[in-house]
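Colleague: Below is the structure I would like to discuss, written out as structure tokens.
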Amino acid sequence: MSLTALDLPRTPVAAPPVLEARSLRKDFWVKQGRRMLARRVPLHAVDGVSLQLVAGTVTAVVGESGSGKTTVARMLAKILPLDGGELLLDGEPAPRGRPRTYTRQVQMVFQDPFASLNPVHRIRHHLVRPLRIHHLGGADLEAAVADLLRRVALEPPRHFIDKYPHELSGGQRQRVAIARALAVQPRVLLADEPVSMLDVSIRLGILNLLADLRDREHLAILYVTHDIASARYLAETIMVMYAGQVVEVAPSVRLTDNPAHPYTQLLLSAAPDPDRAQPPSLAGSGAPPNLAALPTGCRFHPRCPHAMPICSRRVPPSVAVASGHTAACWLHVDPAQRTAAGEDGELPPDPAGFQRPASTPAGTRHPEEG
């Protein structure tokens with residue numbers, strides 16, 4: 001998917017969030033070593049992630065495999081328990097456990113539509129079951145099921161309602177999975193890479209369906225993807241994750257046009273673009289770090305072409321590089337503050353706000369540069 005061919009710029013809406021996450025943390029314990037000598041060590045999958053989902057908007061979480069995107073979505077859905085942080089629903093702490101009052105408002109669509117649907121049951125069963133569990137749909141469940149199928153553009157409903165999942169195409173199965181999520185009238189939809197298992201020719205249809213649900217039903221949508229081009233097309237805001245942490249957040253068009261973090265620049269350089277005359281130049285090398293043995297300082301510094309000594313010693317602060325645009329990178333911290341942080345271990349206050357560094361390593365793109 002091209003970064004330019006599907007460019008529909010939008011402006012993020014300033015409104016209270018329906019669902020808010022603050023400083024989420026999740027560790028998975030894994031064994032290292034052989035047999036009797038093996039020991040359990042924590043794998044830091046998510047570390048300090050915060051986000052807000054606003055009604056009528058799409059927020060995209062972008063990153064490579066292992067960055068923690070899906071883990072964040074599953075924590076928001078309360079499929080995975082939190083090891084740290086908190087969830088707020090309409091500004092109030094989310095209830096403990098996973099009660100129906102929460103799951104009815106926050107629904108998730110999984111990556112593989114065939115695995116998420118029971119192959120021994122017809123489509124009718126998949127859509128009637130949530131209606132019965134949550135006491136919705138009224139007396140005429142058949143009419144409610146038909147309406148759900150129409151809402152996801154599976155028409156006429158009679159052609160799909162009595163089929164089994166294996167009788168549908170991948171795109172049709174994903175539409176059924178979305179219809180099942182819509183059955184309980186949610187306010188938040190968590191879409192975990194909903195098009196990555198689908199043929200390229202039908203991905204745009206699912207993205208347009210999500211955009212229509214955002215506009216028509218005023219849903220707050222989290223779109224998890226590794227494709228930054230589709231994130232630009234669908235989302236108002238893009239949040240870039242690397243090794244369990246958020247490294248950059250900005251309005252989608254601004255982030256893709258003026259990436260401030262070297263990792264975001266790496267993702268964009270690898271994205272297909274028919275307008276690019278020359279082969280992409282990847283600004284970085286190496287592989288993502290082992291989450292059980294993370295590097296000190298900035299987690300991207302072993303791969304970063306602009307790494308400085310402080311990058312390996314201190315965690316970078318999240319710096320406002322423009323209105324609504326933040327990046328966790330030492331390149332955007334004033335040189336005097338970088339020196340103070342390297343010597344004292346703390347970043348001193350800057351009442352004057354963000355100041356662009358006087359000198360910038362070659363090749364670094366800043367927001368005010370085209």
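Ligands are numbered from 1 in the order shown, residues from 1 within each chain, and chains are lettered A, B, ... in the order they appear in the structure tokens.
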Write out as a ChimeraX atom specification each polymer residue whose atoms come within 6 Å of A:Gly297, counting only C-alpha atoms; drop sequence neighbours fewer than 4 positions from it.

Modeller: /A:311-315

Colleague: Report as a VMD selection string all protein, DNA and RNA residues lying within 9 Å of stretch 52-56 of chain A, evaluated on only C-alpha atoms, omitting residues in the same chain fewer than 6 positions from it.

Modeller: chain A and resid 13 to 22 187 to 188 213 to 222

Colleague: Would you mind telling me which residue in A:Gly63, A:Pro262, A:Pro272, A:Gly286 lies nearest to A:Cys329 when using only C-alpha atoms?

Modeller: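 So, comparing all the options, the nearest one is A:Pro262.
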
Colleague: Write down as a PyMOL selection string the residues belonging to stretch 44-250 of chain A that are assigned strand (DSSP E or B) by DSSP computed on the backbone.

Modeller: chain A and resi 44-53+58-62+84-89+92-93+106-109+188-192+220-225+237-242+245-250

Colleague: With N, CA and C atoms retained, export the selected residues as a short mmCIF file (atom, residue, chain, number, x, y, z; two decimals), in the first residue's frame.

Modeller:
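Output file out.cif follows:
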```
data_model
loop_
_atom_site.label_atom_id
_atom_site.label_comp_id
_atom_site.auth_asym_id
_atom_site.auth_seq_id
_atom_site.Cartn_x
_atom_site.Cartn_y
_atom_site.Cartn_z
N HIS A 44 10.10 -8.28 28.92
CA HIS A 44 9.40 -7.00 29.06
C HIS A 44 8.67 -6.66 27.76
N ALA A 45 7.43 -7.13 27.64
CA ALA A 45 6.68 -6.97 26.39
C ALA A 45 6.12 -5.57 26.22
N VAL A 46 5.63 -4.97 27.31
CA VAL A 46 5.07 -3.62 27.28
C VAL A 46 5.59 -2.87 28.49
N ASP A 47 6.08 -1.65 28.27
CA ASP A 47 6.71 -0.91 29.36
C ASP A 47 6.33 0.57 29.27
N GLY A 48 5.37 0.97 30.09
CA GLY A 48 5.03 2.39 30.19
C GLY A 48 4.26 2.96 29.02
N VAL A 49 3.34 2.20 28.45
CA VAL A 49 2.58 2.66 27.28
C VAL A 49 1.30 3.37 27.73
N SER A 50 1.08 4.57 27.22
CA SER A 50 -0.13 5.33 27.49
C SER A 50 -0.77 5.73 26.17
N LEU A 51 -2.10 5.71 26.14
CA LEU A 51 -2.83 6.12 24.93
C LEU A 51 -4.26 6.49 25.29
N GLN A 52 -4.91 7.18 24.37
CA GLN A 52 -6.30 7.59 24.53
C GLN A 52 -7.07 7.26 23.27
N LEU A 53 -8.26 6.65 23.44
CA LEU A 53 -9.13 6.33 22.32
C LEU A 53 -10.38 7.19 22.42
N VAL A 58 -9.81 7.05 14.82
CA VAL A 58 -9.00 5.84 14.75
C VAL A 58 -7.58 6.18 15.19
N THR A 59 -7.07 5.42 16.14
CA THR A 59 -5.68 5.53 16.58
C THR A 59 -4.95 4.28 16.13
N ALA A 60 -3.87 4.45 15.40
CA ALA A 60 -3.10 3.33 14.89
C ALA A 60 -1.86 3.11 15.74
N VAL A 61 -1.57 1.84 16.05
CA VAL A 61 -0.34 1.46 16.73
C VAL A 61 0.51 0.70 15.71
N VAL A 62 1.69 1.24 15.41
CA VAL A 62 2.54 0.72 14.35
C VAL A 62 3.86 0.25 14.95
N GLY A 84 1.06 -3.56 35.51
CA GLY A 84 1.26 -2.20 35.97
C GLY A 84 0.43 -1.25 35.15
N GLY A 85 0.19 -0.04 35.68
CA GLY A 85 -0.62 0.94 34.98
C GLY A 85 -2.10 0.78 35.28
N GLU A 86 -2.92 1.52 34.57
CA GLU A 86 -4.35 1.47 34.80
C GLU A 86 -5.12 1.77 33.53
N LEU A 87 -6.37 1.30 33.50
CA LEU A 87 -7.30 1.58 32.41
C LEU A 87 -8.44 2.43 32.95
N LEU A 88 -8.82 3.44 32.18
CA LEU A 88 -9.92 4.32 32.55
C LEU A 88 -10.99 4.26 31.47
N LEU A 89 -12.23 4.02 31.87
CA LEU A 89 -13.37 4.00 30.96
C LEU A 89 -14.24 5.20 31.31
N GLU A 92 -13.22 6.98 34.50
CA GLU A 92 -13.29 6.25 35.76
C GLU A 92 -12.48 4.96 35.65
N PRO A 93 -11.86 4.50 36.76
CA PRO A 93 -11.10 3.25 36.70
C PRO A 93 -11.96 2.10 36.19
N VAL A 106 -16.12 -2.73 25.11
CA VAL A 106 -14.80 -2.84 24.47
C VAL A 106 -14.70 -4.21 23.80
N GLN A 107 -14.75 -4.23 22.49
CA GLN A 107 -14.70 -5.47 21.72
C GLN A 107 -13.43 -5.52 20.88
N MET A 108 -13.00 -6.76 20.57
CA MET A 108 -11.75 -6.96 19.83
C MET A 108 -12.00 -7.81 18.60
N VAL A 109 -11.34 -7.42 17.50
CA VAL A 109 -11.35 -8.19 16.25
C VAL A 109 -9.94 -8.73 16.06
N VAL A 188 -15.94 0.90 21.81
CA VAL A 188 -14.53 0.80 21.44
C VAL A 188 -14.32 -0.49 20.66
N LEU A 189 -13.63 -0.39 19.53
CA LEU A 189 -13.30 -1.56 18.71
C LEU A 189 -11.79 -1.66 18.59
N LEU A 190 -11.23 -2.78 19.04
CA LEU A 190 -9.79 -3.02 18.98
C LEU A 190 -9.53 -3.98 17.82
N ALA A 191 -8.95 -3.48 16.75
CA ALA A 191 -8.71 -4.27 15.54
C ALA A 191 -7.23 -4.64 15.47
N ASP A 192 -6.93 -5.91 15.73
CA ASP A 192 -5.56 -6.39 15.79
C ASP A 192 -5.14 -6.92 14.41
N ALA A 220 -14.79 4.44 18.74
CA ALA A 220 -13.37 4.70 18.99
C ALA A 220 -12.63 3.43 18.61
N ILE A 221 -11.73 3.53 17.64
CA ILE A 221 -11.09 2.35 17.07
C ILE A 221 -9.58 2.39 17.30
N LEU A 222 -9.03 1.28 17.76
CA LEU A 222 -7.59 1.08 17.82
C LEU A 222 -7.21 0.15 16.68
N TYR A 223 -6.37 0.61 15.78
CA TYR A 223 -5.96 -0.16 14.62
C TYR A 223 -4.50 -0.57 14.79
N VAL A 224 -4.28 -1.85 15.03
CA VAL A 224 -2.94 -2.39 15.23
C VAL A 224 -2.42 -2.90 13.89
N THR A 225 -1.24 -2.45 13.49
CA THR A 225 -0.71 -2.84 12.18
C THR A 225 0.80 -2.69 12.13
N THR A 237 -4.45 9.50 14.26
CA THR A 237 -3.23 9.55 15.06
C THR A 237 -2.47 8.24 14.91
N ILE A 238 -1.15 8.33 14.80
CA ILE A 238 -0.30 7.15 14.74
C ILE A 238 0.64 7.14 15.94
N MET A 239 0.71 5.99 16.61
CA MET A 239 1.62 5.78 17.73
C MET A 239 2.60 4.69 17.32
N VAL A 240 3.88 5.01 17.32
CA VAL A 240 4.92 4.07 16.90
C VAL A 240 5.53 3.41 18.13
N MET A 241 5.58 2.07 18.12
CA MET A 241 6.15 1.32 19.23
C MET A 241 7.41 0.59 18.80
N TYR A 242 8.36 0.51 19.74
CA TYR A 242 9.59 -0.24 19.51
C TYR A 242 10.00 -0.91 20.82
N GLN A 245 7.97 -0.05 23.98
CA GLN A 245 7.80 1.34 24.38
C GLN A 245 7.30 2.18 23.22
N VAL A 246 6.64 3.29 23.54
CA VAL A 246 6.21 4.26 22.53
C VAL A 246 7.37 5.20 22.23
N VAL A 247 7.75 5.31 20.95
CA VAL A 247 8.86 6.18 20.59
C VAL A 247 8.41 7.45 19.88
N GLU A 248 7.20 7.45 19.32
CA GLU A 248 6.72 8.65 18.62
C GLU A 248 5.20 8.61 18.51
N VAL A 249 4.57 9.76 18.68
CA VAL A 249 3.12 9.92 18.52
C VAL A 249 2.88 11.23 17.80
N ALA A 250 2.00 11.19 16.78
CA ALA A 250 1.70 12.40 16.03
C ALA A 250 0.47 12.18 15.17
#
```

Colleague: What's the 10 Å shell around A:Pro157, counting only C-alpha atoms, without same-chain residues fewer than 2 positions away, as a PyMOL selection string?

Modeller: chain A and resi 143+145-150+153-155+159-162
